[in-house]
>>> print(open('start-v8.cif').read())   # mmCIF, C-alpha atoms
data_run
loop_
_atom_site.group_PDB
_atom_site.id
_atom_site.type_symbol
_atom_site.label_atom_id
_atom_site.label_comp_id
_atom_site.auth_asym_id
_atom_site.auth_seq_id
_atom_site.Cartn_x
_atom_site.Cartn_y
_atom_site.Cartn_z
ATOM 1 C CA MET A 350 -129.470 -26.242 -12.387
ATOM 2 C CA VAL A 351 -126.771 -23.733 -12.420
ATOM 3 C CA PRO A 352 -126.378 -22.039 -9.084
ATOM 4 C CA LYS A 353 -127.315 -18.421 -9.169
ATOM 5 C CA GLU A 354 -124.250 -16.281 -8.620
ATOM 6 C CA GLU A 355 -124.679 -13.590 -6.057
ATOM 7 C CA VAL A 356 -123.619 -10.205 -7.435
ATOM 8 C CA THR A 357 -123.058 -7.415 -5.054
ATOM 9 C CA LEU A 358 -122.801 -3.728 -5.770
ATOM 10 C CA SER A 359 -119.307 -3.515 -4.336
ATOM 11 C CA ALA A 360 -118.130 -6.274 -6.649
ATOM 12 C CA ILE A 361 -119.443 -4.428 -9.648
ATOM 13 C CA ARG A 362 -117.670 -1.317 -8.555
ATOM 14 C CA ALA A 363 -114.416 -3.204 -8.101
ATOM 15 C CA GLU A 364 -114.517 -4.472 -11.661
ATOM 16 C CA LEU A 365 -115.276 -1.169 -13.252
ATOM 17 C CA PRO A 366 -112.277 0.704 -14.720
ATOM 18 C CA VAL A 367 -111.200 3.616 -12.652
ATOM 19 C CA LEU A 368 -112.364 6.723 -14.320
ATOM 20 C CA THR A 369 -110.461 9.871 -13.529
ATOM 21 C CA ILE A 370 -111.787 13.179 -14.647
ATOM 22 C CA ARG A 371 -109.033 15.714 -15.105
ATOM 23 C CA ARG A 372 -110.303 19.197 -14.667
ATOM 24 C CA GLY A 373 -108.421 22.237 -15.808
ATOM 25 C CA PRO A 374 -108.331 25.367 -13.718
ATOM 26 C CA SER A 375 -111.751 26.761 -13.261
ATOM 27 C CA ALA A 376 -112.721 29.993 -14.915
ATOM 28 C CA MET A 377 -112.857 31.582 -11.493
ATOM 29 C CA ALA A 378 -109.257 30.584 -10.698
ATOM 30 C CA VAL A 379 -108.031 31.943 -14.039
ATOM 31 C CA GLY A 380 -109.893 35.162 -13.439
ATOM 32 C CA ARG A 381 -108.441 35.474 -9.945
ATOM 33 C CA THR A 382 -104.879 34.998 -11.222
ATOM 34 C CA ALA A 383 -105.441 37.485 -14.033
ATOM 35 C CA ALA A 384 -106.801 40.000 -11.554
ATOM 36 C CA ARG A 385 -103.750 39.563 -9.317
ATOM 37 C CA VAL A 386 -101.391 40.068 -12.272
ATOM 38 C CA ALA A 387 -103.328 43.133 -13.408
ATOM 39 C CA VAL A 388 -103.255 44.663 -9.931
ATOM 40 C CA THR A 389 -99.513 43.970 -9.600
ATOM 41 C CA VAL A 390 -98.785 45.558 -12.989
ATOM 42 C CA ALA A 391 -100.977 48.555 -12.126
ATOM 43 C CA VAL A 392 -99.156 49.030 -8.815
ATOM 44 C CA LEU A 393 -95.773 48.811 -10.580
ATOM 45 C CA ILE A 394 -96.823 51.359 -13.218
ATOM 46 C CA ALA A 395 -98.239 53.708 -10.580
ATOM 47 C CA GLY A 396 -95.006 53.352 -8.598
ATOM 48 C CA PHE A 397 -93.004 54.137 -11.733
ATOM 49 C CA VAL A 398 -94.985 57.313 -12.397
ATOM 50 C CA VAL A 399 -94.724 58.432 -8.773
ATOM 51 C CA TYR A 400 -90.999 57.725 -8.725
ATOM 52 C CA GLU A 401 -90.189 59.392 -12.049
ATOM 53 C CA PHE A 402 -92.237 62.542 -11.602
ATOM 54 C CA GLY A 403 -92.456 62.832 -7.833
ATOM 55 C CA VAL A 404 -89.552 61.219 -6.035
ATOM 56 C CA THR A 405 -86.892 62.351 -8.494
ATOM 57 C CA SER A 406 -88.146 65.942 -8.238
ATOM 58 C CA ILE A 407 -87.925 65.820 -4.456
ATOM 59 C CA LEU A 408 -84.370 64.468 -4.730
ATOM 60 C CA ALA A 409 -83.397 67.206 -7.206
ATOM 61 C CA ASN A 410 -84.919 69.984 -5.103
ATOM 62 C CA ARG A 411 -83.057 68.793 -2.022
ATOM 63 C CA ALA A 412 -79.840 68.661 -4.054
ATOM 64 C CA GLN A 413 -80.499 72.192 -5.324
ATOM 65 C CA ALA A 414 -80.776 73.583 -1.804
ATOM 66 C CA SER A 415 -77.453 72.002 -0.943
ATOM 67 C CA LEU A 416 -75.804 73.201 -4.164
ATOM 68 C CA ARG A 417 -76.837 76.814 -3.592
ATOM 69 C CA ASP A 418 -75.201 76.696 -0.174
ATOM 70 C CA ASP A 419 -72.101 75.185 -1.791
ATOM 71 C CA LEU A 420 -72.022 77.938 -4.419
ATOM 72 C CA ALA A 421 -72.100 80.631 -1.772
ATOM 73 C CA ALA A 422 -69.253 78.947 0.094
ATOM 74 C CA THR A 423 -67.255 78.339 -3.092
ATOM 75 C CA ALA A 424 -67.575 81.948 -4.238
ATOM 76 C CA ALA A 425 -65.855 83.062 -1.068
ATOM 77 C CA SER A 426 -63.009 80.569 -1.222
ATOM 78 C CA VAL A 427 -62.181 79.897 -4.889
ATOM 79 C CA THR A 428 -58.999 81.365 -6.333
ATOM 80 C CA ILE A 429 -59.456 83.386 -9.501
ATOM 81 C CA THR A 430 -56.389 83.847 -11.661
ATOM 82 C CA GLU A 431 -55.834 86.284 -14.474
ATOM 83 C CA ILE A 432 -53.853 85.013 -17.419
ATOM 84 C CA PRO A 433 -52.854 86.665 -20.705
ATOM 85 C CA TYR A 434 -55.414 85.878 -23.354
ATOM 86 C CA ALA A 435 -54.075 84.061 -26.397
ATOM 87 C CA PRO A 436 -56.739 82.952 -28.858
ATOM 88 C CA ALA A 437 -56.636 79.180 -29.200
ATOM 89 C CA ASN A 438 -56.392 77.643 -32.629
ATOM 90 C CA LEU A 439 -59.992 76.520 -32.669
ATOM 91 C CA PRO A 440 -62.344 76.189 -35.632
ATOM 92 C CA PRO A 441 -65.126 78.736 -36.021
ATOM 93 C CA ALA A 442 -68.489 77.768 -34.609
ATOM 94 C CA PRO A 443 -70.707 75.946 -37.129
ATOM 95 C CA VAL A 444 -73.474 78.394 -36.388
ATOM 96 C CA VAL A 445 -75.226 80.887 -38.617
ATOM 97 C CA VAL A 446 -76.021 83.951 -36.549
ATOM 98 C CA PRO A 447 -79.237 85.619 -37.781
ATOM 99 C CA ALA A 448 -78.489 88.959 -39.416
ATOM 100 C CA ASP A 449 -81.240 90.725 -37.529
ATOM 101 C CA LEU A 450 -79.917 89.657 -34.177
ATOM 102 C CA GLN A 451 -78.937 92.693 -32.231
ATOM 103 C CA LEU A 452 -76.081 92.040 -29.865
ATOM 104 C CA PRO A 453 -75.551 94.213 -26.834
ATOM 105 C CA ASP A 454 -72.144 95.835 -26.758
ATOM 106 C CA PRO A 455 -69.748 93.653 -24.817
ATOM 107 C CA ILE A 456 -68.499 95.209 -21.626
ATOM 108 C CA ALA A 457 -65.388 94.336 -19.709
ATOM 109 C CA VAL A 458 -65.796 94.871 -16.009
ATOM 110 C CA ALA A 459 -63.383 92.830 -13.960
ATOM 111 C CA ALA A 460 -60.445 91.981 -16.164
ATOM 112 C CA PRO A 461 -58.031 94.489 -17.617
ATOM 113 C CA GLU A 462 -57.780 94.435 -21.385
ATOM 114 C CA GLY A 463 -55.896 91.417 -22.653
ATOM 115 C CA THR A 464 -56.233 89.275 -19.569
ATOM 116 C CA LEU A 465 -58.635 86.444 -18.946
ATOM 117 C CA ARG A 466 -60.232 85.524 -15.638
ATOM 118 C CA VAL A 467 -60.157 81.766 -15.093
ATOM 119 C CA ALA A 468 -61.107 79.474 -12.240
ATOM 120 C CA PRO A 469 -60.249 75.837 -11.541
ATOM 121 C CA THR A 470 -62.785 73.252 -12.696
ATOM 122 C CA PRO A 471 -64.658 71.884 -9.665
ATOM 123 C CA PRO A 472 -64.437 68.139 -8.943
ATOM 124 C CA PRO A 473 -67.179 65.951 -10.469
ATOM 125 C CA GLY A 474 -70.508 66.317 -8.683
ATOM 126 C CA ASN A 475 -69.590 69.679 -7.140
ATOM 127 C CA ALA A 476 -71.420 72.913 -7.778
ATOM 128 C CA VAL A 477 -70.171 74.919 -10.794
ATOM 129 C CA GLY A 478 -72.607 77.799 -11.022
ATOM 130 C CA ARG A 479 -76.153 78.934 -11.562
ATOM 131 C CA ILE A 480 -78.038 79.169 -14.840
ATOM 132 C CA VAL A 481 -80.945 81.564 -15.370
ATOM 133 C CA ILE A 482 -83.107 81.591 -18.507
ATOM 134 C CA PRO A 483 -86.088 83.905 -17.994
ATOM 135 C CA SER A 484 -87.843 82.872 -21.219
ATOM 136 C CA ALA A 485 -87.805 79.207 -20.153
ATOM 137 C CA GLY A 486 -88.407 79.689 -16.447
ATOM 138 C CA VAL A 487 -85.000 78.250 -15.567
ATOM 139 C CA ASP A 488 -83.149 79.177 -12.389
ATOM 140 C CA TRP A 489 -81.030 76.217 -11.365
ATOM 141 C CA ALA A 490 -77.661 75.511 -9.834
ATOM 142 C CA PHE A 491 -75.591 73.086 -11.904
ATOM 143 C CA VAL A 492 -72.822 70.638 -11.120
ATOM 144 C CA GLU A 493 -69.693 69.374 -12.824
ATOM 145 C CA GLY A 494 -70.466 66.188 -14.754
ATOM 146 C CA VAL A 495 -73.270 64.756 -16.865
ATOM 147 C CA ASP A 496 -73.189 61.175 -15.627
ATOM 148 C CA ARG A 497 -76.328 59.700 -14.072
ATOM 149 C CA ASP A 498 -75.334 60.527 -10.503
ATOM 150 C CA SER A 499 -74.351 64.122 -11.293
ATOM 151 C CA LEU A 500 -77.596 64.761 -13.152
ATOM 152 C CA ARG A 501 -79.679 63.688 -10.159
ATOM 153 C CA SER A 502 -79.453 67.344 -9.162
ATOM 154 C CA GLY A 503 -81.039 68.359 -12.478
ATOM 155 C CA VAL A 504 -78.389 70.118 -14.570
ATOM 156 C CA GLY A 505 -74.723 69.364 -15.246
ATOM 157 C CA HIS A 506 -71.722 70.780 -17.083
ATOM 158 C CA MET A 507 -70.130 68.396 -19.557
ATOM 159 C CA PRO A 508 -66.499 67.702 -18.588
ATOM 160 C CA GLU A 509 -63.819 68.376 -21.196
ATOM 161 C CA THR A 510 -65.787 71.367 -22.473
ATOM 162 C CA ALA A 511 -65.000 74.964 -21.575
ATOM 163 C CA LEU A 512 -66.371 76.466 -18.409
ATOM 164 C CA PRO A 513 -69.029 79.120 -19.089
ATOM 165 C CA GLY A 514 -67.359 82.470 -19.674
ATOM 166 C CA GLU A 515 -64.071 80.960 -20.779
ATOM 167 C CA PRO A 516 -62.932 80.572 -24.405
ATOM 168 C CA GLY A 517 -64.480 77.604 -26.208
ATOM 169 C CA ASN A 518 -67.873 75.954 -26.011
ATOM 170 C CA ALA A 519 -69.396 75.221 -22.607
ATOM 171 C CA VAL A 520 -71.938 72.408 -22.810
ATOM 172 C CA ILE A 521 -74.633 72.094 -20.166
ATOM 173 C CA SER A 522 -77.194 69.264 -20.140
ATOM 174 C CA GLY A 523 -80.374 69.039 -18.131
ATOM 175 C CA HIS A 524 -83.394 66.850 -17.531
ATOM 176 C CA ARG A 525 -86.572 67.622 -19.443
ATOM 177 C CA THR A 526 -89.233 65.718 -17.475
ATOM 178 C CA THR A 527 -87.651 64.104 -14.427
ATOM 179 C CA TYR A 528 -85.435 65.283 -11.552
ATOM 180 C CA GLY A 529 -87.324 68.544 -11.281
ATOM 181 C CA ALA A 530 -87.562 68.973 -15.076
ATOM 182 C CA PRO A 531 -85.253 72.010 -15.185
ATOM 183 C CA PHE A 532 -85.267 72.211 -18.996
ATOM 184 C CA LEU A 533 -88.973 71.379 -19.489
ATOM 185 C CA HIS A 534 -89.646 74.667 -21.289
ATOM 186 C CA LEU A 535 -86.345 74.985 -23.121
ATOM 187 C CA ASP A 536 -88.329 74.774 -26.370
ATOM 188 C CA ARG A 537 -89.776 78.214 -25.570
ATOM 189 C CA VAL A 538 -86.368 79.838 -26.017
ATOM 190 C CA GLN A 539 -86.033 81.932 -29.168
ATOM 191 C CA PRO A 540 -82.977 83.402 -30.940
ATOM 192 C CA GLY A 541 -82.106 86.652 -29.215
ATOM 193 C CA ASP A 542 -83.126 85.479 -25.734
ATOM 194 C CA LEU A 543 -80.570 85.934 -22.992
ATOM 195 C CA ILE A 544 -79.083 83.283 -20.710
ATOM 196 C CA THR A 545 -77.215 84.269 -17.570
ATOM 197 C CA ILE A 546 -74.592 82.120 -15.921
ATOM 198 C CA GLU A 547 -73.156 82.933 -12.526
ATOM 199 C CA ASN A 548 -70.024 81.091 -11.555
ATOM 200 C CA ALA A 549 -66.768 81.660 -9.695
ATOM 201 C CA ILE A 550 -65.461 83.933 -12.463
ATOM 202 C CA GLY A 551 -68.459 86.244 -12.391
ATOM 203 C CA THR A 552 -71.752 86.763 -14.188
ATOM 204 C CA HIS A 553 -71.841 85.977 -17.896
ATOM 205 C CA VAL A 554 -74.624 86.799 -20.341
ATOM 206 C CA PHE A 555 -75.115 84.694 -23.462
ATOM 207 C CA GLN A 556 -77.443 85.416 -26.356
ATOM 208 C CA VAL A 557 -79.225 82.558 -28.109
ATOM 209 C CA VAL A 558 -78.304 82.400 -31.786
ATOM 210 C CA GLU A 559 -79.558 78.995 -32.926
ATOM 211 C CA ILE A 560 -81.876 76.190 -31.862
ATOM 212 C CA ARG A 561 -81.656 72.804 -33.471
ATOM 213 C CA THR A 562 -82.633 69.175 -32.944
ATOM 214 C CA VAL A 563 -79.977 66.490 -33.287
ATOM 215 C CA ALA A 564 -79.515 62.776 -32.682
ATOM 216 C CA PRO A 565 -78.335 61.804 -29.186
ATOM 217 C CA THR A 566 -75.015 60.700 -30.673
ATOM 218 C CA ASP A 567 -74.343 63.892 -32.646
ATOM 219 C CA LEU A 568 -71.128 65.208 -31.138
ATOM 220 C CA SER A 569 -70.955 68.164 -33.510
ATOM 221 C CA VAL A 570 -72.693 70.352 -30.927
ATOM 222 C CA THR A 571 -70.154 69.607 -28.207
ATOM 223 C CA GLY A 572 -67.090 70.663 -30.207
ATOM 224 C CA GLN A 573 -64.816 73.481 -29.095
ATOM 225 C CA TRP A 574 -65.124 76.643 -31.188
ATOM 226 C CA ARG A 575 -63.416 80.006 -31.525
ATOM 227 C CA GLY A 576 -64.954 82.595 -29.199
ATOM 228 C CA ALA A 577 -67.017 81.856 -26.101
ATOM 229 C CA TRP A 578 -70.175 79.792 -26.488
ATOM 230 C CA LEU A 579 -72.763 78.107 -24.343
ATOM 231 C CA THR A 580 -74.619 75.063 -25.651
ATOM 232 C CA LEU A 581 -77.590 73.633 -23.771
ATOM 233 C CA THR A 582 -78.901 70.151 -24.487
ATOM 234 C CA THR A 583 -81.971 68.275 -23.325
ATOM 235 C CA CYS A 584 -84.244 65.467 -24.463
ATOM 236 C CA THR A 585 -86.900 66.016 -27.099
ATOM 237 C CA PRO A 586 -89.751 65.474 -27.841
ATOM 238 C CA VAL A 587 -90.917 65.862 -24.280
ATOM 239 C CA PHE A 588 -91.424 62.511 -22.472
ATOM 240 C CA THR A 589 -89.002 60.767 -24.806
ATOM 241 C CA ALA A 590 -85.235 60.437 -25.045
ATOM 242 C CA ARG A 591 -85.366 60.039 -28.826
ATOM 243 C CA GLU A 592 -83.544 63.224 -29.847
ATOM 244 C CA ARG A 593 -81.777 66.227 -28.341
ATOM 245 C CA LEU A 594 -82.966 69.809 -28.329
ATOM 246 C CA VAL A 595 -79.893 72.015 -28.621
ATOM 247 C CA VAL A 596 -79.776 75.722 -27.814
ATOM 248 C CA ILE A 597 -76.592 77.475 -28.924
ATOM 249 C CA SER A 598 -75.735 80.894 -27.529
ATOM 250 C CA ARG A 599 -72.712 83.155 -27.608
ATOM 251 C CA LEU A 600 -71.123 85.236 -24.895
ATOM 252 C CA VAL A 601 -72.105 88.883 -25.137
ATOM 253 C CA GLU A 602 -71.418 90.241 -21.687
ATOM 254 C CA GLY A 603 -69.268 89.406 -18.679
ATOM 255 C CA PRO A 604 -65.794 89.621 -17.189
ATOM 256 C CA ASN A 605 -64.191 87.907 -20.196
ATOM 257 C CA ALA A 606 -66.542 89.070 -22.944
ATOM 258 C CA ALA A 607 -64.553 92.035 -24.229
ATOM 259 C CA VAL A 608 -61.204 90.292 -24.369
ATOM 260 C CA ILE A 609 -62.596 87.157 -26.021
ATOM 261 C CA LEU A 610 -64.831 88.969 -28.509
ATOM 262 C CA ASN A 611 -62.123 91.456 -29.430
ATOM 263 C CA GLY A 612 -59.424 88.799 -29.658
ATOM 264 C CA SER A 613 -61.288 86.153 -31.621
ATOM 265 C CA MET B 750 -99.633 34.812 -1.980
ATOM 266 C CA ILE B 751 -97.547 36.675 0.576
ATOM 267 C CA ARG B 752 -99.019 34.507 3.327
ATOM 268 C CA ASN B 753 -98.136 31.356 1.382
ATOM 269 C CA LEU B 754 -94.600 32.624 0.913
ATOM 270 C CA TYR B 755 -94.340 33.391 4.617
ATOM 271 C CA ASP B 756 -95.633 29.936 5.560
ATOM 272 C CA SER B 757 -93.145 28.234 3.261
ATOM 273 C CA LEU B 758 -90.175 29.869 4.960
ATOM 274 C CA PRO B 759 -88.208 27.749 7.431
ATOM 275 C CA GLY B 760 -87.521 28.633 11.037
ATOM 276 C CA PRO B 761 -89.403 30.357 13.836
ATOM 277 C CA ALA B 762 -91.572 33.417 13.329
ATOM 278 C CA THR B 763 -88.807 35.936 14.026
ATOM 279 C CA VAL B 764 -86.536 34.379 11.435
ATOM 280 C CA ARG B 765 -89.363 34.254 8.934
ATOM 281 C CA VAL B 766 -90.126 37.929 9.439
ATOM 282 C CA LEU B 767 -86.442 38.781 8.946
ATOM 283 C CA GLN B 768 -86.348 36.711 5.764
ATOM 284 C CA MET B 769 -89.429 38.504 4.501
ATOM 285 C CA LEU B 770 -87.889 41.912 5.253
ATOM 286 C CA VAL B 771 -84.704 40.987 3.371
ATOM 287 C CA ALA B 772 -86.776 39.755 0.427
ATOM 288 C CA VAL B 773 -88.828 42.966 0.391
ATOM 289 C CA ALA B 774 -85.654 45.102 0.528
ATOM 290 C CA ILE B 775 -84.088 43.182 -2.372
ATOM 291 C CA ILE B 776 -87.273 43.467 -4.441
ATOM 292 C CA ALA B 777 -87.519 47.202 -3.669
ATOM 293 C CA VAL B 778 -83.931 47.808 -4.816
ATOM 294 C CA LEU B 779 -84.515 45.807 -8.004
ATOM 295 C CA VAL B 780 -87.723 47.716 -8.732
ATOM 296 C CA LEU B 781 -85.964 51.059 -8.192
ATOM 297 C CA LEU B 782 -83.126 50.027 -10.518
ATOM 298 C CA LEU B 783 -85.736 49.011 -13.088
ATOM 299 C CA TYR B 784 -87.463 52.380 -12.712
ATOM 300 C CA GLU B 785 -84.146 54.218 -13.140
ATOM 301 C CA TRP B 786 -83.275 52.275 -16.253
ATOM 302 C CA LEU B 787 -86.732 52.624 -17.771
ATOM 303 C CA GLY B 788 -86.874 56.327 -16.970
ATOM 304 C CA SER B 789 -83.512 57.160 -18.481
ATOM 305 C CA THR B 790 -84.095 54.964 -21.518
ATOM 306 C CA LEU B 791 -87.660 55.909 -22.359
ATOM 307 C CA PHE B 792 -88.404 59.322 -20.838
ATOM 308 C CA ASP B 793 -85.392 61.420 -20.061
ATOM 309 C CA SER B 794 -81.720 60.554 -20.210
ATOM 310 C CA GLY B 795 -80.678 63.942 -18.869
ATOM 311 C CA GLY B 796 -80.207 65.377 -22.327
ATOM 312 C CA THR B 797 -76.613 64.315 -22.690
ATOM 313 C CA VAL B 798 -75.039 64.046 -26.126
ATOM 314 C CA GLY B 799 -72.536 61.384 -27.062
#
>>> encode(input="start-v8.cif", output="structure tokens")
Amino acid sequence: MVPKEEVTLSAIRAELPVLTIRRGPSAMAVGRTAARVAVTVAVLIAGFVVYEFGVTSILANRAQASLRDDLAATAASVTITEIPYAPANLPPAPVVVPADLQLPDPIAVAAPEGTLRVAPTPPPGNAVGRIVIPSAGVDWAFVEGVDRDSLRSGVGHMPETALPGEPGNAVISGHRTTYGAPFLHLDRVQPGDLITIENAIGTHVFQVVEIRTVAPTDLSVTGQWRGAWLTLTTCTPVFTARERLVVISRLVEGPNAAVILNGS
Amino acid sequence: MIRNLYDSLPGPATVRVLQMLVAVAIIAVLVLLLYEWLGSTLFDSGGTVG
């Protein structure tokens, strides 16, 4: 008789293959991670909006207060020179002035006939003057330079272009939606509207003659032209940097208006 | 997550807190640079031409 083999439960367990169940992450863990990612992204987006439309405006407004003080100090100390006016050999402006545009008569107030009032160009980042556009709600001080740092104060004068009120084309660029959005309503400007620039030379009045939209790389609007011009540029459409809204105006009144308009 | 990061840092509590502050400062600067770049690229470059 074959002896009966004693089988224990532990022996059976020892002979069984080890079975490992690999579980993936539970639905709850996936949901928790997704929620964390969503919250992080939402916080980053909210921070971006607050920074772009809140913090940058605060920075620009603080810079403006400082620039206005600088302008007052500069006006008292800057040296204005009067030089004989000789029309530069510049091409005519590629602008078609509307026939129905009535121009005020230019008046010469500070400079004798045939002389031009000029001032030294301020160093980059320093205050140049103040720009006022009633039809667009603009009243901002502007600095020399259009690099990122200079434009933190809102509006800047493009180097290598004429200073406003001097012969040539003065180009001024400004933010449309951030850093105080100085040029937010520049699209409200119409031909015939007036733009006033106050700088070391005096107060200059420009009349808008053309508004156009160009590519950001279109340098045709920053060229130097015969006469005295002011070109404003900003981003368009609003909330994008896709194109540039360009407002071209010509000098009609100011210390140098008569001599430039009569001589060009 | 922040607690896990804190616990994984070496050194005593003071050193860990300092390490966390440095990490937060670096992340804040990187986020601000990202905001600047995104803002000027997407929204508003300042209207410059050229």
>>> resolve_selection(input="start-v8.cif", expression="the PyMOL selection byres ((chain A) within 10 of (chain B))", output="VMD selection string")
chain A and resid 385 393 to 394 396 to 398 400 to 402 405 495 to 497 499 to 501 503 to 507 520 to 528 530 to 532 563 to 571 581 to 595
>>> write_last_selection(input="start-v8.cif", atoms="C-alpha atoms", output="CSV table (one decimal), keeping the file's coordinate frame")
chain,number,residue,atom,x,y,z
A,385,ARG,CA,-103.8,39.6,-9.3
A,393,LEU,CA,-95.8,48.8,-10.6
A,394,ILE,CA,-96.8,51.4,-13.2
A,396,GLY,CA,-95.0,53.4,-8.6
A,397,PHE,CA,-93.0,54.1,-11.7
A,398,VAL,CA,-95.0,57.3,-12.4
A,400,TYR,CA,-91.0,57.7,-8.7
A,401,GLU,CA,-90.2,59.4,-12.0
A,402,PHE,CA,-92.2,62.5,-11.6
A,405,THR,CA,-86.9,62.4,-8.5
A,495,VAL,CA,-73.3,64.8,-16.9
A,496,ASP,CA,-73.2,61.2,-15.6
A,497,ARG,CA,-76.3,59.7,-14.1
A,499,SER,CA,-74.4,64.1,-11.3
A,500,LEU,CA,-77.6,64.8,-13.2
A,501,ARG,CA,-79.7,63.7,-10.2
A,503,GLY,CA,-81.0,68.4,-12.5
A,504,VAL,CA,-78.4,70.1,-14.6
A,505,GLY,CA,-74.7,69.4,-15.2
A,506,HIS,CA,-71.7,70.8,-17.1
A,507,MET,CA,-70.1,68.4,-19.6
A,520,VAL,CA,-71.9,72.4,-22.8
A,521,ILE,CA,-74.6,72.1,-20.2
A,522,SER,CA,-77.2,69.3,-20.1
A,523,GLY,CA,-80.4,69.0,-18.1
A,524,HIS,CA,-83.4,66.8,-17.5
A,525,ARG,CA,-86.6,67.6,-19.4
A,526,THR,CA,-89.2,65.7,-17.5
A,527,THR,CA,-87.7,64.1,-14.4
A,528,TYR,CA,-85.4,65.3,-11.6
A,530,ALA,CA,-87.6,69.0,-15.1
A,531,PRO,CA,-85.3,72.0,-15.2
A,532,PHE,CA,-85.3,72.2,-19.0
A,563,VAL,CA,-80.0,66.5,-33.3
A,564,ALA,CA,-79.5,62.8,-32.7
A,565,PRO,CA,-78.3,61.8,-29.2
A,566,THR,CA,-75.0,60.7,-30.7
A,567,ASP,CA,-74.3,63.9,-32.6
A,568,LEU,CA,-71.1,65.2,-31.1
A,569,SER,CA,-71.0,68.2,-33.5
A,570,VAL,CA,-72.7,70.4,-30.9
A,571,THR,CA,-70.2,69.6,-28.2
A,581,LEU,CA,-77.6,73.6,-23.8
A,582,THR,CA,-78.9,70.2,-24.5
A,583,THR,CA,-82.0,68.3,-23.3
A,584,CYS,CA,-84.2,65.5,-24.5
A,585,THR,CA,-86.9,66.0,-27.1
A,586,PRO,CA,-89.8,65.5,-27.8
A,587,VAL,CA,-90.9,65.9,-24.3
A,588,PHE,CA,-91.4,62.5,-22.5
A,589,THR,CA,-89.0,60.8,-24.8
A,590,ALA,CA,-85.2,60.4,-25.0
A,591,ARG,CA,-85.4,60.0,-28.8
A,592,GLU,CA,-83.5,63.2,-29.8
A,593,ARG,CA,-81.8,66.2,-28.3
A,594,LEU,CA,-83.0,69.8,-28.3
A,595,VAL,CA,-79.9,72.0,-28.6
>>> closest_residue(input="start-v8.cif", among="A:Gly517, A:Gly529, A:Gly551, A:Gly494", to="Ala577 (chain A)", atoms="only C-alpha atoms")
A:Gly517
>>> axis_aligned_box(input="start-v8.cif", around="region 777-780 of chain B", padding_each_side="3 Å", output="lines of an AutoDock Vina configuration file")
center_x = -85.8
center_y = 46.8
center_z = -6.2
size_x = 9.8
size_y = 8.0
size_z = 11.1
>>> atom_distance(input="start-v8.cif", atom1="CA of Ser598 (chain A)", atom2="CA of Arg575 (chain A)")
13.0 Å
>>> closest_residue(input="start-v8.cif", among="A:Leu535, A:Arg362, A:Leu450, A:Pro441", to="Gly486 (chain A)", atoms="only C-alpha atoms")
A:Leu535
>>> atom_distance(input="start-v8.cif", atom1="CA of Val558 (chain A)", atom2="CA of Pro540 (chain A)")
4.9 Å
>>> residues_around(input="start-v8.cif", residues="Arg752 (chain B)", least_positions_apart="4", cutoff="12 Å", atoms="all atoms listed in the file", output="NGL selection string")
:B and (756-758 or 765-766 or 769)
>>> closest_residue(input="start-v8.cif", among="A:Ser484, A:Thr357, A:Ser502, A:Asn548", to="Pro469 (chain A)", atoms="only C-alpha atoms")
A:Asn548
>>> atom_distance(input="start-v8.cif", atom1="CA of Ala607 (chain A)", atom2="CA of Val487 (chain A)")
26.1 Å
>>> resolve_selection(input="start-v8.cif", expression="the PyMOL selection byres ((chain A and resi 472) around 10)", output="PyMOL selection string")
chain A and resi 469-471+473-477+492-494+508
>>> build_atoms(input="start-v8.cif", residues="region 497-506 of chain A", atoms="N, CA and C atoms", output="PDB file, keeping the file's coordinate frame")
ATOM      1  N   ARG A 497     -75.008  59.881 -14.690  1.00  0.00           N
ATOM      2  CA  ARG A 497     -76.328  59.700 -14.072  1.00  0.00           C
ATOM      3  C   ARG A 497     -76.376  60.269 -12.657  1.00  0.00           C
ATOM      4  N   ASP A 498     -75.326  60.033 -11.885  1.00  0.00           N
ATOM      5  CA  ASP A 498     -75.334  60.527 -10.503  1.00  0.00           C
ATOM      6  C   ASP A 498     -75.306  62.051 -10.462  1.00  0.00           C
ATOM      7  N   SER A 499     -74.451  62.656 -11.300  1.00  0.00           N
ATOM      8  CA  SER A 499     -74.351  64.122 -11.293  1.00  0.00           C
ATOM      9  C   SER A 499     -75.679  64.756 -11.685  1.00  0.00           C
ATOM     10  N   LEU A 500     -76.353  64.150 -12.655  1.00  0.00           N
ATOM     11  CA  LEU A 500     -77.596  64.761 -13.152  1.00  0.00           C
ATOM     12  C   LEU A 500     -78.800  64.510 -12.255  1.00  0.00           C
ATOM     13  N   ARG A 501     -78.579  63.813 -11.127  1.00  0.00           N
ATOM     14  CA  ARG A 501     -79.679  63.688 -10.159  1.00  0.00           C
ATOM     15  C   ARG A 501     -80.042  65.041  -9.565  1.00  0.00           C
ATOM     16  N   SER A 502     -79.130  66.002  -9.672  1.00  0.00           N
ATOM     17  CA  SER A 502     -79.453  67.344  -9.162  1.00  0.00           C
ATOM     18  C   SER A 502     -80.093  68.203 -10.250  1.00  0.00           C
ATOM     19  N   GLY A 503     -80.291  67.649 -11.440  1.00  0.00           N
ATOM     20  CA  GLY A 503     -81.039  68.359 -12.478  1.00  0.00           C
ATOM     21  C   GLY A 503     -80.225  68.761 -13.685  1.00  0.00           C
ATOM     22  N   VAL A 504     -79.153  69.538 -13.455  1.00  0.00           N
ATOM     23  CA  VAL A 504     -78.389  70.118 -14.570  1.00  0.00           C
ATOM     24  C   VAL A 504     -76.904  69.891 -14.315  1.00  0.00           C
ATOM     25  N   GLY A 505     -76.155  69.600 -15.404  1.00  0.00           N
ATOM     26  CA  GLY A 505     -74.723  69.364 -15.246  1.00  0.00           C
ATOM     27  C   GLY A 505     -73.904  69.929 -16.395  1.00  0.00           C
ATOM     28  N   HIS A 506     -72.662  70.278 -16.078  1.00  0.00           N
ATOM     29  CA  HIS A 506     -71.722  70.780 -17.083  1.00  0.00           C
ATOM     30  C   HIS A 506     -70.913  69.605 -17.617  1.00  0.00           C
TER      31      HIS A 506
END
